[in-house]
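S.K.: Structure file final05.txt (compact mmCIF, C-alpha atoms and all ligand atoms) is given on the next line.
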# COMPACT_ATOMS: atom_id res chain seq x y z
CA MET A 681 17.99 -2.47 21.82
CA SER A 682 17.83 -5.26 19.24
CA ALA A 683 19.32 -4.64 15.78
CA VAL A 684 15.83 -4.41 14.23
CA ARG A 685 14.64 -1.90 16.87
CA ARG A 686 17.77 0.24 16.40
CA LYS A 687 17.39 0.31 12.61
CA THR A 688 13.66 1.09 12.89
CA ALA A 689 14.39 3.91 15.34
CA GLU A 690 17.11 5.37 13.10
CA ASN A 691 15.04 5.19 9.90
CA LEU A 692 11.87 6.61 11.46
CA SER A 693 13.71 9.45 13.26
CA HIS A 694 15.35 10.40 9.97
CA ALA A 695 12.02 10.29 8.08
CA TRP A 696 10.17 12.21 10.81
CA SER A 697 12.75 15.00 11.08
CA SER A 698 13.63 15.38 7.39
CA VAL A 699 10.31 14.88 5.59
CA PRO A 700 7.50 17.44 6.11
CA GLN A 701 4.57 15.09 5.81
CA VAL A 702 0.80 15.26 5.63
CA THR A 703 -1.76 12.45 5.85
CA GLN A 704 -4.88 12.29 3.70
CA TYR A 705 -7.75 9.93 4.66
CA ASP A 706 -10.44 8.23 2.60
CA GLU A 707 -12.66 5.15 2.47
CA ALA A 708 -13.24 2.70 -0.38
CA ASP A 709 -16.47 0.76 -0.82
CA ILE A 710 -15.05 -2.73 -1.39
CA THR A 711 -18.36 -4.63 -1.20
CA GLU A 712 -18.08 -5.87 -4.81
CA LEU A 713 -14.30 -6.33 -4.67
CA GLU A 714 -14.66 -8.54 -1.60
CA GLN A 715 -17.12 -10.73 -3.53
CA LEU A 716 -14.58 -11.03 -6.38
CA ARG A 717 -11.81 -11.79 -3.88
CA LYS A 718 -13.86 -14.63 -2.40
CA ARG A 719 -14.91 -15.89 -5.85
CA TYR A 720 -11.31 -16.20 -7.09
CA ALA A 721 -9.66 -17.16 -3.79
CA GLY A 722 -9.75 -20.85 -4.78
CA ARG A 723 -7.73 -20.28 -7.97
CA VAL A 724 -5.02 -18.44 -6.08
CA GLU A 725 -5.02 -21.11 -3.38
CA ALA A 726 -4.60 -23.81 -6.05
CA ALA A 727 -1.47 -21.94 -7.18
CA GLY A 728 -0.18 -21.96 -3.58
CA GLY A 729 -1.03 -18.37 -2.60
CA LYS A 730 -3.70 -16.42 -0.71
CA LEU A 731 -5.68 -13.66 -2.39
CA THR A 732 -5.66 -11.01 0.33
CA MET A 733 -6.45 -7.32 0.50
CA THR A 734 -2.73 -6.51 0.52
CA ALA A 735 -2.19 -8.42 -2.75
CA LEU A 736 -5.07 -6.52 -4.37
CA LEU A 737 -3.69 -3.23 -3.09
CA LEU A 738 -0.25 -3.98 -4.54
CA LYS A 739 -1.86 -4.26 -7.99
CA VAL A 740 -3.92 -1.09 -7.59
CA VAL A 741 -1.04 0.95 -6.16
CA ALA A 742 1.36 -0.04 -8.97
CA SER A 743 -1.20 1.24 -11.49
CA ALA A 744 -1.79 4.44 -9.49
CA LEU A 745 1.97 5.10 -9.43
CA LYS A 746 2.04 4.97 -13.24
CA VAL A 747 -0.78 7.48 -13.49
CA PHE A 748 0.82 9.76 -10.81
CA PRO A 749 4.62 9.50 -11.33
CA GLN A 750 5.45 12.05 -8.60
CA PHE A 751 4.44 9.41 -6.03
CA ASN A 752 7.09 7.03 -7.41
CA ALA A 753 9.96 9.47 -6.97
CA SER A 754 12.45 10.82 -4.45
CA VAL A 755 13.69 14.30 -3.60
CA ASP A 756 17.39 15.18 -3.81
CA MET A 757 17.63 18.53 -2.00
CA ALA A 758 21.45 18.69 -2.25
CA ASN A 759 21.23 18.78 -6.05
CA GLN A 760 17.75 20.32 -6.13
CA GLU A 761 16.49 17.45 -8.23
CA ILE A 762 13.47 15.19 -8.33
CA ILE A 763 14.27 11.61 -9.30
CA TYR A 764 11.42 9.80 -11.04
CA LYS A 765 11.74 6.00 -10.84
CA LYS A 766 10.87 3.94 -13.91
CA TYR A 767 10.39 0.77 -11.86
CA TYR A 768 7.71 -0.14 -9.34
CA HIS A 769 9.19 -1.85 -6.29
CA ILE A 770 6.70 -1.78 -3.43
CA GLY A 771 7.61 -2.38 0.21
CA VAL A 772 5.12 -4.16 2.47
CA ALA A 773 5.26 -3.60 6.23
CA VAL A 774 5.30 -6.99 7.98
CA ASP A 775 4.67 -7.45 11.68
CA THR A 776 7.14 -10.05 12.99
CA GLU A 777 8.24 -11.32 16.39
CA ARG A 778 11.37 -9.21 16.02
CA GLY A 779 9.37 -6.09 15.15
CA LEU A 780 8.53 -4.22 11.96
CA LEU A 781 10.26 -5.36 8.75
CA VAL A 782 9.61 -3.93 5.29
CA PRO A 783 10.55 -6.39 2.53
CA VAL A 784 10.22 -5.12 -1.04
CA ILE A 785 8.32 -6.82 -3.87
CA ARG A 786 10.02 -5.97 -7.15
CA ASP A 787 8.43 -5.06 -10.48
CA VAL A 788 4.93 -5.19 -9.04
CA ASP A 789 3.52 -3.72 -12.29
CA LYS A 790 4.74 -6.76 -14.24
CA LYS A 791 3.10 -9.35 -11.99
CA ASN A 792 -0.50 -10.59 -12.13
CA LEU A 793 -2.57 -11.04 -8.99
CA ILE A 794 -1.64 -14.70 -8.56
CA GLU A 795 2.07 -13.87 -8.84
CA LEU A 796 1.66 -10.99 -6.40
CA SER A 797 -0.19 -13.20 -3.90
CA LEU A 798 2.60 -15.78 -4.08
CA ALA A 799 5.35 -13.16 -3.81
CA LEU A 800 3.63 -11.53 -0.81
CA ASN A 801 3.15 -14.87 0.98
CA GLN A 802 6.76 -15.83 0.38
CA ILE A 803 8.29 -12.55 1.45
CA ALA A 804 6.10 -12.20 4.58
CA GLU A 805 6.98 -15.78 5.53
CA ARG A 806 10.70 -15.12 4.97
CA ALA A 807 10.41 -11.99 7.14
CA ARG A 808 8.75 -13.95 9.96
CA GLN A 809 11.34 -16.74 9.72
CA LYS A 810 14.21 -14.21 9.92
CA LYS A 811 15.40 -15.20 6.44
CA LEU A 812 15.31 -11.80 4.74
CA SER A 813 18.53 -10.46 3.29
CA LEU A 814 19.37 -6.75 3.45
CA GLU A 815 18.86 -6.46 -0.33
CA GLU A 816 15.30 -7.76 0.01
CA MET A 817 14.51 -4.74 2.21
CA GLN A 818 16.13 -2.15 -0.06
CA GLY A 819 15.24 -0.28 -3.23
CA GLY A 820 11.53 0.27 -2.62
CA THR A 821 9.75 3.15 -4.36
CA PHE A 822 6.54 3.15 -2.29
CA THR A 823 5.26 1.31 0.81
CA ILE A 824 1.98 -0.26 1.88
CA SER A 825 1.25 -0.80 5.57
CA ASN A 826 -1.87 -2.91 6.16
CA LEU A 827 -2.84 -3.06 9.82
CA GLY A 828 -6.39 -4.12 8.93
CA GLY A 829 -5.85 -7.76 9.89
CA LEU A 830 -5.36 -6.52 13.46
CA GLY A 831 -8.03 -3.81 13.62
CA GLY A 832 -8.18 -0.04 13.90
CA THR A 833 -10.12 2.68 12.10
CA HIS A 834 -7.40 4.95 10.65
CA PHE A 835 -3.74 5.66 11.38
CA SER A 836 -1.07 8.01 10.02
CA PRO A 837 1.90 6.03 8.67
CA ILE A 838 5.33 7.68 8.43
CA VAL A 839 6.82 8.10 4.95
CA HIS A 840 9.60 5.54 4.39
CA ALA A 841 12.27 7.98 3.14
CA PRO A 842 13.72 8.36 0.50
CA GLU A 843 10.30 7.28 -0.81
CA VAL A 844 7.77 10.10 -0.92
CA ALA A 845 4.53 8.38 0.06
CA ILE A 846 3.08 5.47 2.02
CA LEU A 847 -0.40 3.94 2.06
CA GLY A 848 -1.85 2.91 5.41
CA VAL A 849 -4.75 0.44 5.43
CA SER A 850 -7.06 -0.21 8.38
CA ARG A 851 -9.80 -2.74 9.00
CA ALA A 852 -12.64 -3.04 6.50
CA ARG A 853 -16.02 -2.79 8.24
CA MET A 854 -19.69 -2.98 7.32
CA LYS A 855 -21.28 0.48 7.57
CA PRO A 856 -24.59 2.02 6.53
CA VAL A 857 -24.06 4.00 3.31
CA PHE A 858 -26.71 6.25 1.77
CA ARG A 859 -27.16 5.01 -1.82
CA ASN A 860 -30.08 5.08 -4.22
CA GLY A 861 -32.23 6.95 -1.70
CA GLN A 862 -31.70 4.59 1.25
CA PHE A 863 -29.12 3.30 3.71
CA GLU A 864 -27.46 0.06 2.60
CA PRO A 865 -24.93 -2.11 4.46
CA ARG A 866 -21.62 -1.76 2.58
CA LEU A 867 -18.07 -2.91 3.30
CA LEU A 868 -15.79 0.13 3.68
CA LEU A 869 -11.99 0.02 3.70
CA PRO A 870 -10.26 2.93 5.53
CA LEU A 871 -7.17 4.24 3.75
CA SER A 872 -4.56 6.82 4.81
CA LEU A 873 -1.96 8.30 2.52
CA SER A 874 1.03 10.08 4.06
CA TYR A 875 3.16 12.03 1.60
CA ASP A 876 6.21 14.27 1.38
CA HIS A 877 4.78 17.78 1.10
CA ARG A 878 8.02 19.11 -0.46
CA LEU A 879 7.15 17.29 -3.66
CA ILE A 880 3.44 16.56 -3.39
CA ASP A 881 0.72 19.17 -2.91
CA GLY A 882 -2.47 18.47 -1.00
CA ALA A 883 -4.57 18.44 -4.18
CA ASP A 884 -2.25 15.77 -5.69
CA GLY A 885 -2.58 13.74 -2.49
CA VAL A 886 -6.38 13.78 -2.76
CA ARG A 887 -6.29 12.94 -6.50
CA PHE A 888 -3.94 9.98 -5.96
CA LEU A 889 -5.91 8.52 -3.05
CA ARG A 890 -9.23 9.12 -4.86
CA TRP A 891 -7.83 7.21 -7.87
CA ILE A 892 -6.98 4.28 -5.59
CA VAL A 893 -10.47 4.38 -4.04
CA GLU A 894 -12.12 4.47 -7.47
CA ALA A 895 -9.94 1.62 -8.76
CA LEU A 896 -10.93 -0.51 -5.74
CA GLU A 897 -14.59 0.33 -6.37
CA GLN A 898 -14.38 0.03 -10.20
CA PRO A 899 -11.44 -2.27 -11.06
CA PHE A 900 -12.10 -1.52 -14.77
CA LEU A 901 -10.15 1.69 -14.16
CA LEU A 902 -6.99 -0.43 -13.83
CA THR A 903 -7.13 -1.45 -17.47
CA LEU A 904 -8.50 1.88 -18.64
CA GLU A 905 -5.77 4.12 -17.17
CA GLY A 906 -3.36 2.05 -15.06
N1 LIG B 1001 -9.51 -5.25 6.56
C1 LIG B 1001 -10.14 -6.37 6.99
N2 LIG B 1001 -9.56 -7.57 7.04
C2 LIG B 1001 -8.29 -7.66 6.62
C3 LIG B 1001 -7.56 -6.56 6.17
C4 LIG B 1001 -8.22 -5.31 6.13
N3 LIG B 1001 -7.60 -4.21 5.72
N4 LIG B 1001 -6.32 -6.96 5.84
C5 LIG B 1001 -6.26 -8.27 6.08
N5 LIG B 1001 -7.43 -8.69 6.57
C6 LIG B 1001 -7.79 -10.04 6.97
C7 LIG B 1001 -7.48 -11.05 5.91
O1 LIG B 1001 -8.54 -11.14 4.97
C8 LIG B 1001 -7.29 -12.30 6.72
O2 LIG B 1001 -8.55 -12.82 7.09
P1 LIG B 1001 -8.85 -14.40 7.01
O3 LIG B 1001 -7.81 -15.04 7.89
O4 LIG B 1001 -10.24 -14.51 7.53
O5 LIG B 1001 -8.71 -14.78 5.58
C9 LIG B 1001 -6.63 -11.80 7.98
O6 LIG B 1001 -6.98 -10.43 8.07
C10 LIG B 1001 -5.12 -11.95 8.01
O7 LIG B 1001 -4.60 -11.34 6.85
P2 LIG B 1001 -3.09 -11.58 6.40
O8 LIG B 1001 -2.21 -10.91 7.37
O9 LIG B 1001 -2.89 -13.02 6.14
O10 LIG B 1001 -3.16 -10.89 4.98
P3 LIG B 1001 -2.49 -9.75 4.17
O11 LIG B 1001 -1.84 -10.35 2.99
O12 LIG B 1001 -3.55 -8.75 3.85
O13 LIG B 1001 -1.38 -9.04 5.05
C11 LIG B 1001 0.78 -8.52 5.90
C12 LIG B 1001 -0.05 -9.41 4.98
C13 LIG B 1001 2.20 -8.99 5.81
C14 LIG B 1001 0.65 -7.07 5.45
C15 LIG B 1001 0.23 -8.64 7.34
O14 LIG B 1001 0.25 -9.98 7.75
C16 LIG B 1001 1.00 -7.81 8.35
O15 LIG B 1001 2.05 -8.20 8.85
N6 LIG B 1001 0.43 -6.63 8.71
C17 LIG B 1001 1.04 -5.73 9.70
C18 LIG B 1001 1.73 -4.58 9.03
C19 LIG B 1001 2.33 -3.62 10.05
O16 LIG B 1001 2.82 -4.02 11.10
N7 LIG B 1001 2.24 -2.33 9.77
C20 LIG B 1001 2.66 -1.31 10.69
C21 LIG B 1001 3.83 -0.59 10.17
S1 LIG B 1001 4.07 0.90 11.01
O17 LIG B 1001 4.41 0.45 12.51
Would you kindly transcribe this structure into structure tokens?

M.R.:
Amino acid sequence: MSAVRRKTAENLSHAWSSVPQVTQYDEADITELEQLRKRYAGRVEAAGGKLTMTALLLKVVASALKVFPQFNASVDMANQEIIYKKYYHIGVAVDTERGLLVPVIRDVDKKNLIELSLALNQIAERARQKKLSLEEMQGGTFTISNLGGLGGTHFSPIVHAPEVAILGVSRARMKPVFRNGQFEPRLLLPLSLSYDHRLIDGADGVRFLRWIVEALEQPFLLTLEG
């Protein structure tokens, strides 16, 4: 076993056996968002980054965590306490030659989309070049795992304990959607939210994921509530 495989095995076994978890699924209509992404891609590229779905999700998730603080928390059973974090450090699962690494982007709520795109590029590149330090993989409060670049319809990610929730993202696809009395081709992004059921009830899980879906469909919500 390599060091990365051993650590992954240890962390996931711990999370699987100690966190009673449930996964909630949904789909976001990102037809308009994809147009915006393409329209502004050039500006981000000029700054040296790439405006990708993961960068957009970082922004949306940081806002959602502010609206739903129980998703940015951890459970301390020994002291029977819930610890609410006042910072928004989001881990991003990166597929590397050595296996799965989860570097953390700090203070995501304080960064604009260009800064997030740059930070994501840099950290994913550092992960792939084996340059990540241990500190860069610690201290996350939530994780995003986007497998959509590779494919897939939906999957159930495992909560990255001591965090209490993780967002899984699969491949956006064109599908017929019944709108305004007829079927229209729309781009749908499959999302899965796994959460720690000790702290989060099913209804909260649906509300949180619905908020993310609505923010992807109506980004105005980000400035209204996020
Ligand atoms: N749906 C459709 N297309 C998607 C997509 C999605 N959800 N996510 C990314 N893509 C597309 C991008 O638009 C890009 O297309 P172009 O090359 O045509 O521009 C392509 O897929 C590659 O994307 P990317 O990987 O460069 O972009 P990203 O910033 O969204 O993702 C990262 C970065 C680090 C999340 C990703 O590279 C990665 O490593 N994903 C794997 C994560 C993983 O292993 N999770 C499993 C953990 S549990 O075992």

S.K.: Between A:Leu713, A:Ala804, A:Ala883, A:Ala799, which one has atoms that come closest to ligand LIG 1001 (chain B), using only C-alpha atoms and all ligand atoms?

M.R.: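 Between A:Leu713, A:Ala804, A:Ala883, A:Ala799, the residue approaching ligand LIG 1001 (chain B) most closely is A:Ala804.
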
S.K.: Find, counting only C-alpha atoms and all ligand atoms, the residue in A:Glu905, A:Asp787, A:Asp756, A:Glu805 that gets nearest to ligand LIG 1001 (chain B).

M.R.: A:Glu805

S.K.: Could you state the separation of atom N7 of ligand LIG 1001 (chain B) and atom CA of A:Ala727 in Å, given to one decimal place?

M.R.: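 Atom-to-atom, atom N7 of ligand LIG 1001 (chain B) and atom CA of A:Ala727 are spaced 26.2 Å apart.
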
S.K.: Which polymer residues have any atom within 9 Å of an atom of A:Tyr768, counting only C-alpha atoms, with same-chain residues fewer than 6 positions away left out, as a list in words?

M.R.: Ala742, Leu745, Lys746, Asn752, Ile785, Arg786, Asp787, Val788, Asp789, Lys790, Gly820, Thr821 and Phe822 of chain A

S.K.: Have a look at atom CA of A:Ala689 and atom C6 of ligand LIG 1001 (chain B) and let me know their distance in Å, one decimal.

M.R.: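 Computed distance, atom CA of A:Ala689 to atom C6 of ligand LIG 1001 (chain B), equals 27.5 Å.
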
S.K.: I'd like the interatomic distance between atom CA of A:Val740 and atom CA of A:Phe900, to a tenth of an Å.

M.R.: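 So the answer is 10.9 Å.
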
S.K.: Would you mind telling me which residue in A:Tyr875, A:Phe835, A:Trp891, A:Tyr705 lies nearest to ligand LIG 1001 (chain B) when using all atoms listed in the file?

M.R.: A:Phe835

S.K.: For the interface of chain A with ligand LIG 1001 (chain B) (cut-off 8 Å, counting only C-alpha atoms and all ligand atoms), please tabulate each contacting residue of chain A alongside its nearest pair of atoms and their separation in Å to one decimal, rows sorted by chain and increasing number, as a Markdown table.

M.R.:
| residue | atom | partner | partner_atom | distance |
| --- | --- | --- | --- | --- |
| A:Lys730 | CA | B:LIG1001 | O11 | 7.3 |
| A:Leu731 | CA | B:LIG1001 | O11 | 7.4 |
| A:Thr732 | CA | B:LIG1001 | O12 | 4.7 |
| A:Met733 | CA | B:LIG1001 | O12 | 4.7 |
| A:Thr734 | CA | B:LIG1001 | O12 | 4.1 |
| A:Ala735 | CA | B:LIG1001 | O11 | 6.1 |
| A:Val772 | CA | B:LIG1001 | C14 | 6.1 |
| A:Ala773 | CA | B:LIG1001 | C18 | 4.6 |
| A:Val774 | CA | B:LIG1001 | O15 | 3.6 |
| A:Asp775 | CA | B:LIG1001 | O15 | 3.9 |
| A:Thr776 | CA | B:LIG1001 | O15 | 6.8 |
| A:Gly779 | CA | B:LIG1001 | O16 | 8.0 |
| A:Leu780 | CA | B:LIG1001 | O16 | 5.8 |
| A:Leu781 | CA | B:LIG1001 | O16 | 7.9 |
| A:Ser797 | CA | B:LIG1001 | O11 | 7.6 |
| A:Leu800 | CA | B:LIG1001 | O11 | 6.8 |
| A:Asn801 | CA | B:LIG1001 | O11 | 7.0 |
| A:Ala804 | CA | B:LIG1001 | C13 | 5.2 |
| A:Ile824 | CA | B:LIG1001 | C14 | 7.8 |
| A:Ser825 | CA | B:LIG1001 | N7 | 4.6 |
| A:Asn826 | CA | B:LIG1001 | C18 | 4.9 |
| A:Leu827 | CA | B:LIG1001 | C17 | 4.7 |
| A:Gly828 | CA | B:LIG1001 | N3 | 3.4 |
| A:Gly829 | CA | B:LIG1001 | O6 | 3.4 |
| A:Leu830 | CA | B:LIG1001 | O6 | 6.9 |
| A:Gly831 | CA | B:LIG1001 | N1 | 7.4 |
| A:Pro837 | CA | B:LIG1001 | S1 | 6.0 |
| A:Ile838 | CA | B:LIG1001 | S1 | 7.4 |
| A:Gly848 | CA | B:LIG1001 | N7 | 7.9 |
| A:Val849 | CA | B:LIG1001 | N3 | 5.5 |
| A:Ser850 | CA | B:LIG1001 | N3 | 4.8 |
| A:Arg851 | CA | B:LIG1001 | N1 | 3.5 |
| A:Ala852 | CA | B:LIG1001 | N1 | 3.8 |
| A:Arg853 | CA | B:LIG1001 | C1 | 7.0 |
| A:Leu869 | CA | B:LIG1001 | N3 | 6.4 |
| A:Pro870 | CA | B:LIG1001 | N3 | 7.6 |

S.K.: Looking at only C-alpha atoms, which of A:Ala807, A:Ile794, A:Val702, A:Val784 is the one that sits closest to A:Arg717?

M.R.: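 Among A:Ala807, A:Ile794, A:Val702, A:Val784, it is A:Ile794 that comes nearest to A:Arg717.
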
S.K.: Could you tell me which of A:Gly832, A:Gly729, A:Met854, A:Gln760 comes closest to A:Leu796 if we count all atoms listed in the file?

M.R.: A:Gly729

S.K.: To box stretch 877-884 of chain A, take all atoms listed in the file, fit an axis-aligned box, add 4 Å on each side, and give centre and edge lengths in Å to one decimal, as JSON.

M.R.:
{"center_x": 1.7, "center_y": 17.5, "center_z": -2.3, "size_x": 20.6, "size_y": 11.4, "size_z": 14.8}

S.K.: Identify which of the residues A:Ile710, A:Ser698, A:Tyr764, A:Leu867 lies closest to A:Pro749, counting all atoms listed in the file when measuring atom-to-atom distances.

M.R.: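 Counting all atoms listed in the file, the residue closest to A:Pro749 is A:Tyr764.
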
S.K.: Starting from the point (16.3, 1.7, 12.4), work out which residues of protein, DNA or RNA have an atom no more than 12 Å away when counting all atoms listed in the file; state them as a list in words.

M.R.: Met681, Ser682, Ala683, Val684, Arg685, Arg686, Lys687, Thr688, Ala689, Glu690, Asn691, Leu692, Ser693, His694, Ala695, Gly779, Leu780, Leu781, Val782, His840 and Ala841 of chain A
